[in-house]
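**Student:** Below you'll find the structure I mean.
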Amino acid sequence: GRDAATFADLDSPTGVTATTDIDAALGAADAVAYMASGDIRPDEAVADIERCLRAGKHVVTPSLYSLYDPRSAPPEWVERLTDAAVEGGSTLLVSGVDPGWGNDALAVLAAGLCTRIRTIRCQEIFDYSTYDQPHAVKVLCGFGGPMDQVPMMLLPSIPTMVWGGNLRLIGRGLGLEIDEITEDVERRPLEQTVDTVMGRFEQGTQG
């Protein structure tokens with residue numbers, strides 16, 4: 001019952017009211033911007049998106065990285081969501097900043113300025129000390145954990161599931177088919193103890 005302006009800290013009301021009645025919201029919508037996290041609840045996110053598609057609603061979401069390119073995603077997800085979209089006559093666009101622009105579209109755009117390309121290198125440089133998401137940082141990425149324990153994000157095939165779509169989009173933008181994606185992971189311990197918004201990360205733990 002609260003106006004969206006309350007949540008967005010706007011001075012004037014928008015006329016759009018929040019609701020916990022999903023069926024009522026879907027009944028009044030043509031499209032859904034699905035922004036809930038899919039990192040720690042991927043099965044629930046897929047089910048939510050599937051529900052929207054079957055209801056005939058177009059969906060745009062940044063929540064499930066692997067769906068950026070269907071070849072990087074679990075086949076059962078692709079099948080479920082494709083079937084839902086066909087049944088509902090709806091469409092699904094999975095995009096965002098990562099992936100969806102900085103590590104792929106921008107690289108293709110920059111490549112258009114070159115007459116000869118030998119290497120394209122994309123890097124993600126991020127200050128995790130200000131990123132107050134303990135589960136994503138400590139559990140999924142393993143920061144601050146023991147060096148003899150491999151976190152989920154670094155298990156074989158997971159990096160490709162998350163970032164493989166970026167590589168394939170670059171290939172597609174350059175008119176190339178990607179033959180193979182290989183993963184090479186180097187883990188290093190923290191050289192000194194650091195304090196962050198999530199607390200202290202001790203020297204010698206995974207950095």
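Starting from 1 in every chain, residues are counted up; chains themselves are A, B, ... following the order of the structure tokens, and ligands are numbered from 1 as listed.
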Got a sec: who's within 8 Å of Ser129 of chain A, counting only C-alpha atoms, leaving out chain neighbours fewer than 5 positions off, as a PyMOL selection string?
**Tutor:** chain A and resi 195-198
**Student:** Could you find all residues in segment 58-177 of chain A that DSSP calls strand (DSSP E or B) from the backbone, and write them as number ranges by chain?
**Tutor:** A: 58-61, 92-94
**Student:** Counting only C-alpha atoms, which residues of segment 110-184 of chain A sit at most 9 Å from some atom of segment 53-73 of chain A, and what is each one's closest atom pair with its distance in Å to one decimal, listed by chain and rising residue number, as JSON lines?
**Tutor:**
```
{"residue": "A:Thr160", "atom": "CA", "partner": "A:Ser72", "partner_atom": "CA", "distance": 6.8}
{"residue": "A:Met161", "atom": "CA", "partner": "A:Ser72", "partner_atom": "CA", "distance": 4.9}
{"residue": "A:Val162", "atom": "CA", "partner": "A:Ser66", "partner_atom": "CA", "distance": 5.2}
{"residue": "A:Trp163", "atom": "CA", "partner": "A:Ser66", "partner_atom": "CA", "distance": 7.4}
{"residue": "A:Gly164", "atom": "CA", "partner": "A:Ser72", "partner_atom": "CA", "distance": 6.0}
{"residue": "A:Gly165", "atom": "CA", "partner": "A:Asp69", "partner_atom": "CA", "distance": 4.8}
{"residue": "A:Asn166", "atom": "CA", "partner": "A:Tyr68", "partner_atom": "CA", "distance": 8.0}
{"residue": "A:Arg168", "atom": "CA", "partner": "A:Asp69", "partner_atom": "CA", "distance": 7.5}
{"residue": "A:Leu169", "atom": "CA", "partner": "A:Asp69", "partner_atom": "CA", "distance": 7.9}
```
**Student:** Which one is closest to Gly1 of chain A: A:Thr205, A:Thr82, A:Thr19, A:Thr14? Count only C-alpha atoms.
**Tutor:**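 Distance minimum relative to Gly1 of chain A lands on A:Thr19.
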**Student:** Report as JSON lines the residues of segment 68-156 of chain A within 10 Å of segment 37-47 of chain A, each with its shortest atom pair and distance in Å (one decimal), using only C-alpha atoms, ordered by chain and increasing residue number.
**Tutor:**
```
{"residue": "A:Trp77", "atom": "CA", "partner": "A:Val46", "partner_atom": "CA", "distance": 7.1}
{"residue": "A:Val78", "atom": "CA", "partner": "A:Val46", "partner_atom": "CA", "distance": 9.7}
{"residue": "A:Arg80", "atom": "CA", "partner": "A:Val46", "partner_atom": "CA", "distance": 8.6}
{"residue": "A:Leu81", "atom": "CA", "partner": "A:Val46", "partner_atom": "CA", "distance": 7.8}
{"residue": "A:His135", "atom": "CA", "partner": "A:Ile40", "partner_atom": "CA", "distance": 8.1}
{"residue": "A:Ala136", "atom": "CA", "partner": "A:Asp39", "partner_atom": "CA", "distance": 7.6}
{"residue": "A:Val139", "atom": "CA", "partner": "A:Ile40", "partner_atom": "CA", "distance": 9.9}
{"residue": "A:Leu140", "atom": "CA", "partner": "A:Ile40", "partner_atom": "CA", "distance": 8.5}
```
**Student:** Of the residues A:Gly199, A:Pro189, A:Gly171, A:Pro151, which is the one nearest to Gln133 of chain A, using only C-alpha atoms?
**Tutor:**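 Ranking A:Gly199, A:Pro189, A:Gly171, A:Pro151 by distance to Gln133 of chain A, first place goes to A:Gly199.
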**Student:** List the neighbours of Val150 of chain A out to 10 Å using only C-alpha atoms; skip same-chain residues closer than 5 positions along the sequence, and give me the result as an MDAnalysis selection string.
**Tutor:** chainID A and resid 140:142 145 155 187 206
**Student:** Could you write out the selected residues, including all heavy atoms, as a PDB file, in the first residue's frame?
**Tutor:**
```
ATOM      1  N   LEU A 140      30.733 -17.576  -0.714  1.00  0.00           N
ATOM      2  CA  LEU A 140      30.836 -17.874  -2.135  1.00  0.00           C
ATOM      3  C   LEU A 140      32.243 -17.644  -2.671  1.00  0.00           C
ATOM      4  O   LEU A 140      32.774 -18.473  -3.422  1.00  0.00           O
ATOM      5  CB  LEU A 140      29.833 -17.035  -2.926  1.00  0.00           C
ATOM      6  CG  LEU A 140      28.348 -17.250  -2.599  1.00  0.00           C
ATOM      7  CD1 LEU A 140      27.476 -16.400  -3.514  1.00  0.00           C
ATOM      8  CD2 LEU A 140      27.974 -18.714  -2.726  1.00  0.00           C
ATOM      9  N   CYS A 141      32.855 -16.498  -2.306  1.00  0.00           N
ATOM     10  CA  CYS A 141      34.197 -16.178  -2.819  1.00  0.00           C
ATOM     11  C   CYS A 141      35.313 -16.668  -1.897  1.00  0.00           C
ATOM     12  O   CYS A 141      36.463 -16.778  -2.331  1.00  0.00           O
ATOM     13  CB  CYS A 141      34.337 -14.671  -3.020  1.00  0.00           C
ATOM     14  SG  CYS A 141      33.254 -14.013  -4.306  1.00  0.00           S
ATOM     15  N   GLY A 142      34.998 -16.929  -0.645  1.00  0.00           N
ATOM     16  CA  GLY A 142      35.986 -17.501   0.260  1.00  0.00           C
ATOM     17  C   GLY A 142      36.976 -16.538   0.871  1.00  0.00           C
ATOM     18  O   GLY A 142      37.958 -16.965   1.480  1.00  0.00           O
ATOM     19  N   GLY A 145      38.823 -17.039   4.384  1.00  0.00           N
ATOM     20  CA  GLY A 145      38.752 -18.457   4.718  1.00  0.00           C
ATOM     21  C   GLY A 145      40.121 -19.120   4.654  1.00  0.00           C
ATOM     22  O   GLY A 145      41.114 -18.517   4.240  1.00  0.00           O
ATOM     23  N   LEU A 155      35.304 -23.367  -7.751  1.00  0.00           N
ATOM     24  CA  LEU A 155      35.236 -24.774  -8.128  1.00  0.00           C
ATOM     25  C   LEU A 155      35.247 -24.894  -9.651  1.00  0.00           C
ATOM     26  O   LEU A 155      34.768 -24.002 -10.353  1.00  0.00           O
ATOM     27  CB  LEU A 155      33.962 -25.409  -7.567  1.00  0.00           C
ATOM     28  CG  LEU A 155      33.899 -25.579  -6.049  1.00  0.00           C
ATOM     29  CD1 LEU A 155      32.504 -26.051  -5.643  1.00  0.00           C
ATOM     30  CD2 LEU A 155      34.960 -26.551  -5.556  1.00  0.00           C
ATOM     31  N   ARG A 187      45.294 -18.513  -6.275  1.00  0.00           N
ATOM     32  CA  ARG A 187      44.824 -17.984  -4.994  1.00  0.00           C
ATOM     33  C   ARG A 187      46.021 -17.555  -4.165  1.00  0.00           C
ATOM     34  O   ARG A 187      47.048 -18.237  -4.119  1.00  0.00           O
ATOM     35  CB  ARG A 187      44.015 -19.056  -4.249  1.00  0.00           C
ATOM     36  CG  ARG A 187      42.791 -19.504  -5.014  1.00  0.00           C
ATOM     37  CD  ARG A 187      42.221 -20.798  -4.454  1.00  0.00           C
ATOM     38  NE  ARG A 187      41.747 -20.626  -3.094  1.00  0.00           N
ATOM     39  CZ  ARG A 187      41.883 -21.534  -2.127  1.00  0.00           C
ATOM     40  NH1 ARG A 187      42.494 -22.665  -2.374  1.00  0.00           N
ATOM     41  NH2 ARG A 187      41.407 -21.301  -0.924  1.00  0.00           N
ATOM     42  N   GLN A 206      42.603 -16.543   2.884  1.00  0.00           N
ATOM     43  CA  GLN A 206      42.482 -16.272   1.456  1.00  0.00           C
ATOM     44  C   GLN A 206      42.190 -14.803   1.208  1.00  0.00           C
ATOM     45  O   GLN A 206      41.267 -14.222   1.757  1.00  0.00           O
ATOM     46  CB  GLN A 206      41.369 -17.114   0.821  1.00  0.00           C
ATOM     47  CG  GLN A 206      41.204 -16.816  -0.666  1.00  0.00           C
ATOM     48  CD  GLN A 206      40.313 -17.793  -1.353  1.00  0.00           C
ATOM     49  OE1 GLN A 206      40.739 -18.869  -1.740  1.00  0.00           O
ATOM     50  NE2 GLN A 206      39.053 -17.442  -1.536  1.00  0.00           N
TER      51      GLN A 206
END
```
**Student:** Show me, as a PyMOL selection string, the residues that have an atom within 10 Å of segment 107-123 of chain A when counting only C-alpha atoms, minus same-chain residues fewer than 5 positions from it.
**Tutor:** chain A and resi 101-102+166-167+169-174
**Student:** Could you turn the residues from that selection into a file that holds N, CA and C atoms, as a PDB file, in the first residue's frame?
**Tutor:**
```pdb
ATOM      1  N   TRP A 101      27.922  -5.433 -20.042  1.00  0.00           N
ATOM      2  CA  TRP A 101      28.395  -4.176 -20.610  1.00  0.00           C
ATOM      3  C   TRP A 101      29.900  -4.016 -20.413  1.00  0.00           C
ATOM      4  N   GLY A 102      30.324  -3.867 -19.156  1.00  0.00           N
ATOM      5  CA  GLY A 102      31.715  -3.515 -18.893  1.00  0.00           C
ATOM      6  C   GLY A 102      32.723  -4.536 -19.370  1.00  0.00           C
ATOM      7  N   ASN A 166      30.238 -13.709 -21.075  1.00  0.00           N
ATOM      8  CA  ASN A 166      30.988 -12.534 -21.512  1.00  0.00           C
ATOM      9  C   ASN A 166      31.902 -12.871 -22.686  1.00  0.00           C
ATOM     10  N   LEU A 167      32.602 -13.988 -22.558  1.00  0.00           N
ATOM     11  CA  LEU A 167      33.540 -14.375 -23.608  1.00  0.00           C
ATOM     12  C   LEU A 167      32.809 -14.693 -24.905  1.00  0.00           C
ATOM     13  N   LEU A 169      29.912 -13.533 -25.858  1.00  0.00           N
ATOM     14  CA  LEU A 169      29.376 -12.317 -26.471  1.00  0.00           C
ATOM     15  C   LEU A 169      30.471 -11.581 -27.240  1.00  0.00           C
ATOM     16  N   ILE A 170      31.666 -11.513 -26.652  1.00  0.00           N
ATOM     17  CA  ILE A 170      32.785 -10.873 -27.361  1.00  0.00           C
ATOM     18  C   ILE A 170      33.053 -11.601 -28.665  1.00  0.00           C
ATOM     19  N   GLY A 171      33.078 -12.932 -28.611  1.00  0.00           N
ATOM     20  CA  GLY A 171      33.297 -13.710 -29.830  1.00  0.00           C
ATOM     21  C   GLY A 171      32.232 -13.425 -30.867  1.00  0.00           C
ATOM     22  N   ARG A 172      30.975 -13.412 -30.420  1.00  0.00           N
ATOM     23  CA  ARG A 172      29.870 -13.161 -31.345  1.00  0.00           C
ATOM     24  C   ARG A 172      29.988 -11.766 -31.949  1.00  0.00           C
ATOM     25  N   GLY A 173      30.377 -10.782 -31.128  1.00  0.00           N
ATOM     26  CA  GLY A 173      30.515  -9.420 -31.613  1.00  0.00           C
ATOM     27  C   GLY A 173      31.626  -9.266 -32.638  1.00  0.00           C
ATOM     28  N   LEU A 174      32.626 -10.147 -32.563  1.00  0.00           N
ATOM     29  CA  LEU A 174      33.752 -10.099 -33.502  1.00  0.00           C
ATOM     30  C   LEU A 174      33.580 -11.080 -34.662  1.00  0.00           C
TER      31      LEU A 174
END
```
**Student:** Mind the document's chain letters and residue numbers, and return as a ChimeraX atom specification the residues of segment 5-180 of chain A that DSSP labels helix (DSSP H, G or I).
**Tutor:** /A:5-8,22-28,42-54,65-68,70-72,75-88,105-111,128-130,134-140,152-154,158-173
**Student:** Counting only C-alpha atoms, figure out which residue out of A:Asp9, A:Asp179, A:Asp3, A:Asp104 gets nearest to Glu124 of chain A.
**Tutor:**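 Closest to Glu124 of chain A of all the choices is A:Asp104.
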**Student:** Can you pull out every residue within 7 Å of Gly207 of chain A, counting only C-alpha atoms, but drop anything in the same chain fewer than 3 positions away, and send it as a list of chain:residue names?
**Tutor:** A:Phe143, A:Gly144, A:Arg188, A:Pro189, A:Leu190
